[in-house]
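First up is the structure itself, then whatever we jot down about it.
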Amino acid sequence: MQRRTFLKSATYTGVGTGLGAWAASRRTLAADAEIELAIDKLGPVINPHIYGHFIEHLGGVIYDGIWVGRNSRIPNVDGMRKQFIDDMKRIGAPNLRWPGGCFADGYHWRDGIGPAAKRPRTYNYWERQMPPGTHATETNHFGVHEFMRLCRLIGAEPYLAANVGSGTPREFQDWVSYCNAPVGTVSLADERAANGYKEPFRVKYWGVGNESWGCGGDMKPGEYAIEYRKFVTQFPFYVTPYLVATGPRGHSRDMDLAWTDGFFAGMQGGHRSPVHGFSLHFYTDFRNNKMRVADFKAPDWYAVLREGLRTEQVINEHWKIMGKYDPQHRTKLVIDEWGVWYQPGEEITPGYILSQPVTLRDALHTAITFDIFNRHADKIEMANVAQTVNCIHSLFLALEDKYTRTPPYYVFEMYRPHLGARSVPLQIRLDALTVPVQEGTAKIAGLTGSASLREKRLTVTLTNASVDSPITARIRFAGGARASEGRGTVLTHSDMRARNTFQNPNEVRLASLPVKISGETLAVEIPKQAVAAIELQLA
């Protein structure tokens, strides 16, 4: 099924669905990987916001996924699903992006404040795919205050997307004042207090529109640059803001490089319009591919992971163009939509548009993506998986009282030690894999990873993409460092299509992975189709 120069053979044994699921009783070929960590050449801090989230008013994301209502029999906190809150706290979710997405450019924030019974029912333009006989009505029961309450319950920082497509600069400025102004300064602050929040929300992160090249206004980059200036020139500075401009659709075949070039060219000559962050959307986009989402073969597995690896090229190419206009790189990337997006037809229920099965393949894609982000921590301020529940690359699926974590959730858990740690350069020596893909064969990295250090605690994360062969990874440290103790965690399964369902929510789960320390090196055997996290205490 795949070709590689194998340096040794090994036998794997084990029991159980998690760790034991990958352990076969037959002999398999294993490759040796040599990994060197430059502990003496630490890189930048990995911003915790790289591990961010995104929730939008689509299908079952908000209503049922998160908002079940205060009178629901489903355990909730102020109407919001308690299990969702608890699980987001468990992985230390650093932020939540809301209300969109495309929904943001049709959303008027005043529709989501005040008593819920008095809020208007509005039209959700992005529910066009709803089943016949249903209507795209937005009740606005989940609005500004509910979102802020959710952020506080989780411990996440709010990231708001402003309405540029159908809103005005005044509406945006008023929203900032409503959220951030102290009581007594402006009437909007007093109105917020009357609605239940005397203290300001202190929102730092503000997206100025969303996908303005498409659903956010169908603009050209120069046109958006003009709108951006209008929206941010007169900005209420109650909180030092972080303003995020709409960036490109990086998953286009040409990576949409012209948008980045055109926007920054259009911003030249201005002096009162800061661009702190530049939004880049990169979907591993298989919407026009006929593969089944929950039932696929090895070429489909590799096709998805190979496309996910392209994230690195997209980051580098856009960063290069940004540097042409901003040599000091004061503007950072905000990859506020990313994930694997498959063709429709396998939704968990017809009305939950853009929901899809989420398998072990998507967990490996998540790990590969995070390792890329970690290695480029100097370039990225924030990233937001699309989306957290019941939509595209979800961490959770929920339907009424049924709920499950998906395999990518556990990758977030495994990678939590990276948040706020210093990145560590690493070099992996291993032959590339020649693998089947849908159009023939291709080469992909057999092992990818990243590393970070917090005080003397080192975290190394590694992904073995092979559906056939385990890898023996031997890790050594440059600069004479030594590990005094270590432990490993693995996420894998014998079936590459494995997933967690409402009926079997623990089919894919974490298991321990032995780590052998010998002098200045350590060894770990990474099973096929697996994500491994190794935590080491340095002497």
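We label chains A, B, ... in the order they appear in the structure tokens, count residues from 1 in each chain, and number ligands from 1 in the order shown.
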
Using backbone DSSP assignments, extract all alpha helix (DSSP H) residues from stretch 114-273 of chain A; output them as a PyMOL selection string. chain A and resi 144-154+169-180+187-194+221-232+257-266

Just to be explicit: take each residue in the selection above, keep C-alpha atoms, and write the result as a CSV table (one decimal), in the first residue's frame.
chain,number,residue,atom,x,y,z
A,144,VAL,CA,-24.4,39.3,23.2
A,145,HIS,CA,-25.0,38.7,27.0
A,146,GLU,CA,-25.4,35.0,26.6
A,147,PHE,CA,-22.2,34.8,24.6
A,148,MET,CA,-20.3,36.8,27.2
A,149,ARG,CA,-21.6,34.6,29.9
A,150,LEU,CA,-20.5,31.5,28.0
A,151,CYS,CA,-17.0,32.9,27.7
A,152,ARG,CA,-16.8,33.6,31.4
A,153,LEU,CA,-18.1,30.2,32.3
A,154,ILE,CA,-15.4,28.6,30.1
A,169,PRO,CA,-19.0,52.1,11.1
A,170,ARG,CA,-21.4,53.7,13.6
A,171,GLU,CA,-23.0,50.4,14.5
A,172,PHE,CA,-19.5,48.8,15.0
A,173,GLN,CA,-18.3,51.7,17.2
A,174,ASP,CA,-21.5,51.5,19.3
A,175,TRP,CA,-21.0,47.8,19.8
A,176,VAL,CA,-17.5,48.5,21.1
A,177,SER,CA,-18.8,51.1,23.5
A,178,TYR,CA,-21.6,48.9,24.7
A,179,CYS,CA,-19.1,46.1,25.5
A,180,ASN,CA,-16.2,48.1,26.8
A,187,SER,CA,-25.3,55.9,27.6
A,188,LEU,CA,-24.5,52.6,25.9
A,189,ALA,CA,-22.6,51.5,29.0
A,190,ASP,CA,-25.5,52.4,31.2
A,191,GLU,CA,-27.7,50.4,28.9
A,192,ARG,CA,-25.4,47.4,29.3
A,193,ALA,CA,-25.7,47.7,33.1
A,194,ALA,CA,-29.5,47.9,32.9
A,221,PRO,CA,-9.2,43.8,-1.9
A,222,GLY,CA,-8.9,47.5,-2.6
A,223,GLU,CA,-12.6,48.0,-1.9
A,224,TYR,CA,-12.3,46.2,1.4
A,225,ALA,CA,-9.3,48.3,2.3
A,226,ILE,CA,-11.5,51.4,2.0
A,227,GLU,CA,-14.2,49.9,4.1
A,228,TYR,CA,-11.7,48.7,6.7
A,229,ARG,CA,-10.4,52.3,7.1
A,230,LYS,CA,-13.9,53.6,7.6
A,231,PHE,CA,-14.6,51.1,10.3
A,232,VAL,CA,-11.4,51.5,12.4
A,257,LEU,CA,-2.3,35.6,-2.9
A,258,ALA,CA,-3.7,38.5,-4.9
A,259,TRP,CA,-6.1,39.3,-2.0
A,260,THR,CA,-3.2,39.8,0.5
A,261,ASP,CA,-1.2,41.8,-2.0
A,262,GLY,CA,-4.2,43.9,-3.0
A,263,PHE,CA,-5.4,44.6,0.5
A,264,PHE,CA,-2.0,45.8,1.9
A,265,ALA,CA,-1.4,47.8,-1.3
A,266,GLY,CA,-4.7,49.5,-0.6

Show which residues sit within 8 Å of stretch 490-507 of chain A, as number ranges by chain. Count only C-alpha atoms, and ignore same-chain residues fewer than 4 positions away. A: 17-23, 294-296, 301, 357-361, 402-407, 410-411, 467, 511-513, 526-533

Kindly save the residues from that selection, with C-alpha atoms included, as a PDB file, in the first residue's frame.
ATOM      1  CA  THR A  17      -9.927  -0.662  22.160  1.00  0.00           C
ATOM      2  CA  GLY A  18      -7.684   2.377  22.612  1.00  0.00           C
ATOM      3  CA  LEU A  19      -4.028   1.329  22.963  1.00  0.00           C
ATOM      4  CA  GLY A  20      -4.772  -2.290  22.226  1.00  0.00           C
ATOM      5  CA  ALA A  21      -6.721  -1.480  19.090  1.00  0.00           C
ATOM      6  CA  TRP A  22      -3.540  -0.628  17.205  1.00  0.00           C
ATOM      7  CA  ALA A  23      -1.604  -3.555  18.607  1.00  0.00           C
ATOM      8  CA  ALA A 294     -17.429   7.965   7.431  1.00  0.00           C
ATOM      9  CA  ASP A 295     -16.424   5.103   5.103  1.00  0.00           C
ATOM     10  CA  PHE A 296     -13.239   5.679   3.120  1.00  0.00           C
ATOM     11  CA  TRP A 301      -7.017   9.049   4.163  1.00  0.00           C
ATOM     12  CA  PRO A 357     -18.933  12.486  10.825  1.00  0.00           C
ATOM     13  CA  VAL A 358     -15.572  13.133  12.501  1.00  0.00           C
ATOM     14  CA  THR A 359     -13.082  10.268  12.467  1.00  0.00           C
ATOM     15  CA  LEU A 360      -9.559   9.330  13.506  1.00  0.00           C
ATOM     16  CA  ARG A 361      -8.387  10.812  10.194  1.00  0.00           C
ATOM     17  CA  LYS A 402     -27.195  12.859  23.170  1.00  0.00           C
ATOM     18  CA  TYR A 403     -23.608  14.081  23.205  1.00  0.00           C
ATOM     19  CA  THR A 404     -20.127  12.867  22.358  1.00  0.00           C
ATOM     20  CA  ARG A 405     -16.583  14.111  22.077  1.00  0.00           C
ATOM     21  CA  THR A 406     -15.023  13.505  18.680  1.00  0.00           C
ATOM     22  CA  PRO A 407     -11.425  12.261  18.154  1.00  0.00           C
ATOM     23  CA  TYR A 410      -8.478  14.509  22.466  1.00  0.00           C
ATOM     24  CA  VAL A 411      -5.797  16.136  20.324  1.00  0.00           C
ATOM     25  CA  VAL A 467      -1.907   3.285   7.902  1.00  0.00           C
ATOM     26  CA  ALA A 511      -4.159   5.606  26.184  1.00  0.00           C
ATOM     27  CA  SER A 512      -0.720   5.577  27.773  1.00  0.00           C
ATOM     28  CA  LEU A 513       2.394   5.106  25.659  1.00  0.00           C
ATOM     29  CA  ILE A 526       4.540   5.232  17.788  1.00  0.00           C
ATOM     30  CA  PRO A 527       1.869   2.963  16.347  1.00  0.00           C
ATOM     31  CA  LYS A 528       0.499   3.351  12.846  1.00  0.00           C
ATOM     32  CA  GLN A 529      -2.149   6.068  12.232  1.00  0.00           C
ATOM     33  CA  ALA A 530      -1.485   7.683  15.587  1.00  0.00           C
ATOM     34  CA  VAL A 531      -0.868  10.931  17.438  1.00  0.00           C
ATOM     35  CA  ALA A 532       1.609  10.761  20.326  1.00  0.00           C
ATOM     36  CA  ALA A 533       2.367  13.298  23.045  1.00  0.00           C
TER      37      ALA A 533
END

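Near A:Gly323, within 12 Å and counting only C-alpha atoms, sit A:Thr260, A:Asp261, A:Phe264, A:Ala265, A:Asn316, A:Glu317, A:His318, A:Gln328, A:His329, A:Arg330, A:Thr331, A:Lys332, A:Leu333, A:Lys379, not including residues fewer than 5 positions from it in the same chain.
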
Could you pull the residues within 6 Å of stretch 28-45 of chain A, counting only C-alpha atoms, minus those fewer than 5 positions along the same chain, as a list in words?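 That gives Phe6, Leu7, Lys8, Ser9, Ala10, Asp378, Gly420, Ala421, Arg422, Ser423, Val424, Pro425, Leu426, Gln427, Ile428, Arg429, Leu430, Ser469, Pro470, Ile471, Thr472, Ala473, Arg474, Ile475, Arg476, Phe477, Ala478 and Gly479 of chain A.
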
Among the residues of stretch 134-326 of chain A, find those DSSP assigns to strand (DSSP E) from the backbone and print them as a VMD selection string. chain A and resid 137 to 138 157 to 162 205 to 208 242 to 245 277 to 286

Have a look at atom CA of A:Ala161 and atom CA of A:Ile74 and let me know their distance in Å, one decimal. 29.4 Å

Of the residues A:Arg487, A:Arg119, A:Arg416, A:His376, which is the one nearest to A:Arg90, using only C-alpha atoms?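 Ranking A:Arg487, A:Arg119, A:Arg416, A:His376 by distance to A:Arg90, first place goes to A:Arg416.
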